[in-house]
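*Asks:* Following this message is one structure expressed as structure tokens.
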Amino acid sequence: MKYIDETKIRDLLKEAKKASLPVIERILNKSRSLKRLSLQEAAMLLAAEDPVIVKKIFAAAAFVKDAIYGRRVVLFAPLYISNICANACLYCAFKSDNPLTKRRALTIDEVKNQVEWLLRRGHKRILMVAGESAPGGRTNIDYYVESVKAIYSVEVGPHRIKRVNVNCAPLSTLEFKKLRSSGIGTYQLFQETYHEKTYRHVHPKGPKSDPDNRIGAIDRAFLAGIDDIGIGVLYGLYDWKFETLAMLMHIEHMEEKFKVGPHTISVPRIEPALGVSFTKNMPYKLSDREFKRLVAVLRLCVPYTGIILSTRETAVMRDALFSLGVSQISAESRTSPGGYSSADNNQNQDIQFTIGDQRSLDEIIGSLIKHKFIPSFCAACYRKERTGEAFMHLARPGTIQGKCSMNALITLKEYLDDFASSQVKRIGYKFIEEFKKSLNKHDLGTLSKFFADIDKGKRDKFV
Ligand code: SAM
Ligand code: SF4
């Protein structure tokens with residue numbers, strides 16, 4: 001596979017097992033100063049099995065998370081627009097040869113209805129998701145562009161979607177340019193596995209069967225001018241340590257060629273899916289403990305990159321991972337086109353996989369507040385063009401933190417005023433008052449002005 005040197009990864013992981021405690025401690029000290037780690041250092045952290053060292057890794061990850069992102073956690077909802085797919089990925093219910101999945105591509109009016117539903121719940125950020133269109137098929141780039149525009153066009157009172165990120169199949173540079181001009185935020189594409197033999201095995205047919213076309217899509221997206229890129233591994237397909245180091249190698253390529261790494265990294269674990277036997281016997285299934293280690297090591301290796309966790313994970317797991325490095329989560333997700341109008345996602349015959357965290361947005365916000373995290377619907381960086389390299393300059397020394405906390409509090413107050421249940425309102429306002437005590441005079445003054453504006457009915461303000 002392009003950009004991935006499998007022999008080097010194996011050698012690094014083998015060598016890393018010999019790392020002594022003082023060496024690991026030196027690496028952890030380096031990451032506490034928010035410096036990016038080398039592949040060799042990353043391998044040593046991944047290889048560490050001793051519970052005492054793992055505990056130190058967790059503590060360092062919590063420190064870095066707090067230093068860069070503060071207490072805020074960004075919330076979004078996925079919006080599946082189509083489950084029609086030309087590929088046959090062994091792990092996915094949307095695979096073309098799955099007769100159990102009911103196929104559907106939303107009409108533009110249906111897309112708007114789904115967005116209206118999400119806006120009424122208080123959502124502000126959407127990840128648009130689609131299966132891959134067959135060549136000449138209807139669910140192509142024009143359909144994506146029309147859908148993105150439709151999402152932005154919906155208004156519910158003063159509320160609108162602030163940012164549409166997109167997770168769709170690889171496109172050509174020209175198609176990426178079209179997608180970019182529709183106003184998307186992040187373009188997200190998971191390599192699934194960086195291990196070529198496994199890649200070819202689990203993607204037996206369709207356009208996705210070419211691993212180089214997929215990894216090359218990230219380059220094409222950059223070349224088309226999309227500078228917020230999200231990457232990821234589908235954990236469970238191959239050895240998690242290999243995959244993580246390979247993903248870091250991919251990031252090195254991006255940094256070398258485009259001077260900027262990914263905006264976000266996603267860490268999906270394979271979930272059971274209707275008509276999919278692959279998930280029943282997975283030799284590389286990650287334990288919860290390994291999963292926590294993986295998130296912590298990623299947080300240390302690429303401190304300035306957002307880590308996204310989806311509702312594939314249970315509420316308990318998600319709550320544990322906020323401190324270790326996760327900065328964005330999906331909430332109240334449905335993984336089927338039109339799913340927001342149905343009662344129980346996991347019962348439907350058009351879903352992609354089952355959901356681990358079935359809580360409502362309100363419940364998730366309540367839980368974040370109880371754990372002293374600030375739920376955020378902010379999209380200020382993207383709207384102020386603090387993207388790509390500009391974002392990295394802000395994020396690297398940790399200066400984004402002050403802005404993030406402030407914007408998170410502003411969006412939280414808007415949510416509490418307009419959407420929250422009485423119980424969440426009660427704990428939310430109290431939490432804001434508590435948080436204010438930690439602000440300096442200048443920030444407190446700025447925040448008070450924003451809050452006064454919200455009280456007058458103004459919405460969607462940010463620093
Ligand atoms: N079809 C496009 C593609 O594959 O890139 C984009 C959308 S696909 C619906 C989004 C992601 O879902 C895939 O990249 C894959 O990592 C993930 N996925 C597929 N099957 C899954 C499963 N059974 N459990 C968890 N995640 C899964
Ligand atoms: Fe299609 Fe994506 Fe599912 Fe593969 S993962 S079958 S490409 S929707």
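Residue names in the structure tokens use chain letters A, B, ... in the order shown, residue numbers from 1 in each chain, and ligand numbers from 1 in the order shown.
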Which chains and residue numbers are within 6 Å of ligand 1, counting only C-alpha atoms and all ligand atoms, if I want them as an MDAnalysis selection string?
*Replies:* chainID A and resid 91:92 129:132 167:169 189:190 192 234 268:273 353
*Asks:* Taking only stretch 166-262 of chain A into account, list the residues labelled helix (DSSP H, G or I) by DSSP (computed from the backbone), as a PyMOL selection string.
*Replies:* chain A and resi 173-181+196-202+207-209+211-223+240-258
*Asks:* Using only C-alpha atoms and all ligand atoms, pick whichever of A:Glu414, A:Asp460, A:Asp210, A:Asp357 has the shortest atom-to-atom distance to ligand 2.
*Replies:*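 Distance minimum relative to ligand 2 lands on A:Asp210.
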*Asks:* Find the spatial neighbours of A:Leu171, counting only C-alpha atoms, within a cut-off of 7 Å - ignore same-chain residues fewer than 4 positions away - and output them as number ranges by chain.
*Replies:* A: 175-176, 217
*Asks:* Keeping N, CA and C atoms, export the residues of the selection given above as a short mmCIF file (atom, residue, chain, number, x, y, z; two decimals), in the first residue's frame.
*Replies:*
data_model
loop_
_atom_site.label_atom_id
_atom_site.label_comp_id
_atom_site.auth_asym_id
_atom_site.auth_seq_id
_atom_site.Cartn_x
_atom_site.Cartn_y
_atom_site.Cartn_z
N GLU A 175 -14.08 16.11 -8.44
CA GLU A 175 -15.29 15.91 -7.61
C GLU A 175 -15.07 16.47 -6.21
N PHE A 176 -13.85 16.31 -5.67
CA PHE A 176 -13.57 16.89 -4.35
C PHE A 176 -13.72 18.40 -4.39
N ALA A 217 -6.91 9.03 -1.96
CA ALA A 217 -8.02 9.99 -1.93
C ALA A 217 -7.74 11.12 -0.95
#
*Asks:* One number please: atom CA of A:Tyr187 to atom CA of A:Gly230, in Å, one decimal.
*Replies:* 6.0 Å
*Asks:* Can you measure atom CA of A:Gly216 to atom CA of A:Arg125 for me? One decimal in Å is fine.
*Replies:*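 For atom CA of A:Gly216 relative to atom CA of A:Arg125, the distance reads 27.1 Å.
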*Asks:* Can you tell me how far atom CA of A:Gln114 sits from atom CA of A:Lys149, in Å to one decimal?
*Replies:*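 So the answer is 13.8 Å.
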*Asks:* Name the residues in contact with A:Ala19 at a cut-off of 12 Å, using only C-alpha atoms, excluding same-chain residues fewer than 4 positions from it; report them as a list of chain:residue names.
*Replies:*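 Here the qualifying residues turn out to be A:Leu12, A:Leu13, A:Lys14, A:Glu15, A:Val23, A:Ile24, A:Glu25, A:Arg26, A:Ile27, A:Gln40, A:Glu41, A:Ala42, A:Ala43, A:Met44, A:Leu45, A:Leu46, A:Ala47, A:Ala48, A:Glu49, A:Asp50, A:Ile53.
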*Asks:* Please dump the current selection as a PDB file, in the first residue's frame; keep N, CA, C and O atoms.
*Replies:*
ATOM      1  N   LEU A  12       9.847  -1.685  14.099  1.00  0.00           N
ATOM      2  CA  LEU A  12       9.693  -0.710  15.194  1.00  0.00           C
ATOM      3  C   LEU A  12       8.967  -1.333  16.385  1.00  0.00           C
ATOM      4  O   LEU A  12       9.349  -1.145  17.535  1.00  0.00           O
ATOM      5  N   LEU A  13       7.906  -2.099  16.089  1.00  0.00           N
ATOM      6  CA  LEU A  13       7.129  -2.699  17.180  1.00  0.00           C
ATOM      7  C   LEU A  13       7.947  -3.757  17.922  1.00  0.00           C
ATOM      8  O   LEU A  13       7.856  -3.884  19.144  1.00  0.00           O
ATOM      9  N   LYS A  14       8.774  -4.490  17.170  1.00  0.00           N
ATOM     10  CA  LYS A  14       9.609  -5.535  17.777  1.00  0.00           C
ATOM     11  C   LYS A  14      10.653  -4.891  18.695  1.00  0.00           C
ATOM     12  O   LYS A  14      10.813  -5.267  19.852  1.00  0.00           O
ATOM     13  N   GLU A  15      11.315  -3.881  18.170  1.00  0.00           N
ATOM     14  CA  GLU A  15      12.367  -3.169  18.907  1.00  0.00           C
ATOM     15  C   GLU A  15      11.778  -2.493  20.157  1.00  0.00           C
ATOM     16  O   GLU A  15      12.416  -2.448  21.219  1.00  0.00           O
ATOM     17  N   VAL A  23      13.172   5.247  29.675  1.00  0.00           N
ATOM     18  CA  VAL A  23      12.956   5.705  28.284  1.00  0.00           C
ATOM     19  C   VAL A  23      11.495   6.120  28.107  1.00  0.00           C
ATOM     20  O   VAL A  23      11.178   7.179  27.554  1.00  0.00           O
ATOM     21  N   ILE A  24      10.597   5.273  28.592  1.00  0.00           N
ATOM     22  CA  ILE A  24       9.163   5.595  28.474  1.00  0.00           C
ATOM     23  C   ILE A  24       8.867   6.899  29.218  1.00  0.00           C
ATOM     24  O   ILE A  24       8.119   7.756  28.737  1.00  0.00           O
ATOM     25  N   GLU A  25       9.465   7.054  30.370  1.00  0.00           N
ATOM     26  CA  GLU A  25       9.198   8.284  31.145  1.00  0.00           C
ATOM     27  C   GLU A  25       9.682   9.526  30.406  1.00  0.00           C
ATOM     28  O   GLU A  25       9.029  10.571  30.436  1.00  0.00           O
ATOM     29  N   ARG A  26      10.825   9.378  29.709  1.00  0.00           N
ATOM     30  CA  ARG A  26      11.316  10.514  28.913  1.00  0.00           C
ATOM     31  C   ARG A  26      10.310  10.865  27.807  1.00  0.00           C
ATOM     32  O   ARG A  26      10.024  12.033  27.545  1.00  0.00           O
ATOM     33  N   ILE A  27       9.757   9.825  27.190  1.00  0.00           N
ATOM     34  CA  ILE A  27       8.765  10.064  26.114  1.00  0.00           C
ATOM     35  C   ILE A  27       7.525  10.770  26.692  1.00  0.00           C
ATOM     36  O   ILE A  27       7.000  11.719  26.115  1.00  0.00           O
ATOM     37  N   GLN A  40       9.054   5.951  16.330  1.00  0.00           N
ATOM     38  CA  GLN A  40       9.748   5.061  17.252  1.00  0.00           C
ATOM     39  C   GLN A  40       9.187   5.222  18.680  1.00  0.00           C
ATOM     40  O   GLN A  40       8.929   4.235  19.384  1.00  0.00           O
ATOM     41  N   GLU A  41       8.974   6.475  19.067  1.00  0.00           N
ATOM     42  CA  GLU A  41       8.418   6.729  20.409  1.00  0.00           C
ATOM     43  C   GLU A  41       6.992   6.188  20.511  1.00  0.00           C
ATOM     44  O   GLU A  41       6.603   5.605  21.532  1.00  0.00           O
ATOM     45  N   ALA A  42       6.225   6.381  19.441  1.00  0.00           N
ATOM     46  CA  ALA A  42       4.846   5.875  19.432  1.00  0.00           C
ATOM     47  C   ALA A  42       4.850   4.356  19.606  1.00  0.00           C
ATOM     48  O   ALA A  42       4.063   3.798  20.382  1.00  0.00           O
ATOM     49  N   ALA A  43       5.766   3.686  18.906  1.00  0.00           N
ATOM     50  CA  ALA A  43       5.839   2.225  18.987  1.00  0.00           C
ATOM     51  C   ALA A  43       6.122   1.782  20.428  1.00  0.00           C
ATOM     52  O   ALA A  43       5.539   0.801  20.919  1.00  0.00           O
ATOM     53  N   MET A  44       6.982   2.527  21.111  1.00  0.00           N
ATOM     54  CA  MET A  44       7.317   2.155  22.489  1.00  0.00           C
ATOM     55  C   MET A  44       6.100   2.277  23.409  1.00  0.00           C
ATOM     56  O   MET A  44       5.880   1.444  24.276  1.00  0.00           O
ATOM     57  N   LEU A  45       5.314   3.316  23.210  1.00  0.00           N
ATOM     58  CA  LEU A  45       4.105   3.468  24.036  1.00  0.00           C
ATOM     59  C   LEU A  45       3.079   2.381  23.707  1.00  0.00           C
ATOM     60  O   LEU A  45       2.412   1.837  24.590  1.00  0.00           O
ATOM     61  N   LEU A  46       2.978   2.061  22.423  1.00  0.00           N
ATOM     62  CA  LEU A  46       2.018   1.011  22.026  1.00  0.00           C
ATOM     63  C   LEU A  46       2.430  -0.346  22.588  1.00  0.00           C
ATOM     64  O   LEU A  46       1.583  -1.165  22.959  1.00  0.00           O
ATOM     65  N   ALA A  47       3.733  -0.576  22.658  1.00  0.00           N
ATOM     66  CA  ALA A  47       4.227  -1.892  23.077  1.00  0.00           C
ATOM     67  C   ALA A  47       4.149  -2.094  24.592  1.00  0.00           C
ATOM     68  O   ALA A  47       4.168  -3.231  25.067  1.00  0.00           O
ATOM     69  N   ALA A  48       4.037  -0.992  25.339  1.00  0.00           N
ATOM     70  CA  ALA A  48       4.084  -1.109  26.804  1.00  0.00           C
ATOM     71  C   ALA A  48       2.894  -1.900  27.353  1.00  0.00           C
ATOM     72  O   ALA A  48       1.749  -1.519  27.134  1.00  0.00           O
ATOM     73  N   GLU A  49       3.168  -2.985  28.066  1.00  0.00           N
ATOM     74  CA  GLU A  49       2.100  -3.833  28.608  1.00  0.00           C
ATOM     75  C   GLU A  49       2.019  -3.732  30.131  1.00  0.00           C
ATOM     76  O   GLU A  49       0.992  -4.044  30.725  1.00  0.00           O
ATOM     77  N   ASP A  50       3.128  -3.335  30.771  1.00  0.00           N
ATOM     78  CA  ASP A  50       3.183  -3.275  32.229  1.00  0.00           C
ATOM     79  C   ASP A  50       2.093  -2.330  32.767  1.00  0.00           C
ATOM     80  O   ASP A  50       2.047  -1.156  32.387  1.00  0.00           O
ATOM     81  N   ILE A  53       3.188   1.126  33.796  1.00  0.00           N
ATOM     82  CA  ILE A  53       3.483   2.050  32.680  1.00  0.00           C
ATOM     83  C   ILE A  53       2.183   2.506  32.021  1.00  0.00           C
ATOM     84  O   ILE A  53       2.012   3.685  31.698  1.00  0.00           O
TER      85      ILE A  53
END
*Asks:* Counting only C-alpha atoms, what is within 12 Å of stretch 439-444 of chain A, bar same-chain residues fewer than 3 positions away, as a list in words?
*Replies:*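 Selected residues are Gly402, Lys403, Ser405, Met406, Asn407, Leu409, Ile410, Ile432, Glu433, Glu434, Phe435, Lys436, Leu447, Ser448, Lys449, Phe450, Phe451 and Val463 of chain A.
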*Asks:* Please produce a file of those selected residues containing N, CA, C and O atoms, as a tab-separated table (two decimals), in the first residue's frame.
*Replies:*
chain	number	residue	atom	x	y	z
A	402	GLY	N	-8.63	28.39	25.21
A	402	GLY	CA	-9.44	29.47	25.78
A	402	GLY	C	-10.65	29.75	24.91
A	402	GLY	O	-11.78	29.84	25.41
A	403	LYS	N	-10.44	29.84	23.60
A	403	LYS	CA	-11.54	30.09	22.67
A	403	LYS	C	-12.56	28.95	22.74
A	403	LYS	O	-13.75	29.18	22.74
A	405	SER	N	-13.27	26.81	25.16
A	405	SER	CA	-14.08	26.77	26.39
A	405	SER	C	-15.14	27.86	26.33
A	405	SER	O	-16.31	27.63	26.68
A	406	MET	N	-14.75	29.04	25.87
A	406	MET	CA	-15.68	30.17	25.79
A	406	MET	C	-16.83	29.85	24.83
A	406	MET	O	-18.00	30.01	25.17
A	407	ASN	N	-16.48	29.40	23.63
A	407	ASN	CA	-17.51	29.07	22.65
A	407	ASN	C	-18.39	27.91	23.12
A	407	ASN	O	-19.58	27.88	22.86
A	409	LEU	N	-19.18	27.26	26.20
A	409	LEU	CA	-20.13	27.77	27.20
A	409	LEU	C	-21.27	28.54	26.53
A	409	LEU	O	-22.42	28.46	26.95
A	410	ILE	N	-20.91	29.31	25.47
A	410	ILE	CA	-21.95	30.06	24.74
A	410	ILE	C	-22.96	29.09	24.11
A	410	ILE	O	-24.18	29.25	24.27
A	432	ILE	N	-22.46	26.12	34.69
A	432	ILE	CA	-21.90	27.33	34.05
A	432	ILE	C	-21.45	28.32	35.14
A	432	ILE	O	-20.36	28.89	35.06
A	433	GLU	N	-22.29	28.50	36.16
A	433	GLU	CA	-21.92	29.43	37.24
A	433	GLU	C	-20.62	29.00	37.90
A	433	GLU	O	-19.75	29.80	38.18
A	434	GLU	N	-20.49	27.68	38.13
A	434	GLU	CA	-19.27	27.14	38.74
A	434	GLU	C	-18.06	27.42	37.85
A	434	GLU	O	-17.02	27.86	38.30
A	435	PHE	N	-18.25	27.16	36.55
A	435	PHE	CA	-17.14	27.28	35.60
A	435	PHE	C	-16.65	28.73	35.51
A	435	PHE	O	-15.46	28.99	35.38
A	436	LYS	N	-17.62	29.65	35.61
A	436	LYS	CA	-17.28	31.09	35.51
A	436	LYS	C	-16.22	31.48	36.55
A	436	LYS	O	-15.41	32.36	36.32
A	447	LEU	N	-17.71	36.88	28.22
A	447	LEU	CA	-18.78	35.88	28.30
A	447	LEU	C	-20.11	36.53	28.71
A	447	LEU	O	-21.16	36.22	28.15
A	448	SER	N	-20.03	37.46	29.66
A	448	SER	CA	-21.26	38.12	30.13
A	448	SER	C	-21.95	38.86	28.99
A	448	SER	O	-23.18	38.84	28.88
A	449	LYS	N	-21.14	39.48	28.11
A	449	LYS	CA	-21.74	40.19	26.96
A	449	LYS	C	-22.47	39.20	26.05
A	449	LYS	O	-23.58	39.43	25.59
A	450	PHE	N	-21.81	38.07	25.78
A	450	PHE	CA	-22.45	37.05	24.92
A	450	PHE	C	-23.73	36.53	25.57
A	450	PHE	O	-24.75	36.37	24.90
A	451	PHE	N	-23.67	36.28	26.87
A	451	PHE	CA	-24.85	35.75	27.57
A	451	PHE	C	-26.00	36.76	27.54
A	451	PHE	O	-27.16	36.40	27.38
A	463	VAL	N	-16.58	33.54	19.53
A	463	VAL	CA	-15.35	34.32	19.51
A	463	VAL	C	-14.35	33.69	18.54
A	463	VAL	O	-14.41	32.52	18.26
*Asks:* So that I can see what lies close to A:Ala150, please list as number ranges by chain the residues with an atom at most 8 Å from it, counting only C-alpha atoms and leaving out residues fewer than 5 positions away in the same chain.
*Replies:* A: 108, 111-112
*Asks:* So which one's closest to ligand 2, A:Ala61, A:Val276, A:Leu34, A:Ile184? Using only C-alpha atoms and all ligand atoms, please.
*Replies:*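 When distances to ligand 2 are compared using only C-alpha atoms and all ligand atoms, the smallest one comes from A:Val276.
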*Asks:* Which residue gives the smallest distance to ligand 2 among A:Leu118, A:Cys89, A:Leu286, A:Val154, with only C-alpha atoms and all ligand atoms counted?
*Replies:*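 Smallest separation from ligand 2 among the options: A:Cys89.
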*Asks:* Counting only C-alpha atoms, which of A:Ala379, A:Gln358, A:Leu294, A:Lys280 gets nearest to A:Ile161?
*Replies:*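 Closest candidate: A:Ala379.
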*Asks:* Counting only C-alpha atoms and all ligand atoms, figure out which residue out of A:Ala16, A:Leu174, A:Ile351, A:Val52 gets nearest to ligand 2.
*Replies:*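 When distances to ligand 2 are compared using only C-alpha atoms and all ligand atoms, the smallest one comes from A:Ile351.
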*Asks:* Once DSSP has gone over the backbone, tell me which residues of stretch 108-357 of chain A are in strand (DSSP E), as a PyMOL selection string.
*Replies:* chain A and resi 125-130+163-167+187-188+229-232+264-266+306-309+328-330
*Asks:* Residues at most 12 Å from A:Asp66, counting only C-alpha atoms, excluding those fewer than 2 positions away in the same chain, as a PyMOL selection string?
*Replies:* chain A and resi 32+34+59-64+68-73+299-300+303-304+322-327+373+398+400-402+404-405
*Asks:* Could you check which of A:Arg121, A:Tyr3, A:Val156, A:Thr193 is closest to ligand 2, using only C-alpha atoms and all ligand atoms?
*Replies:* A:Thr193
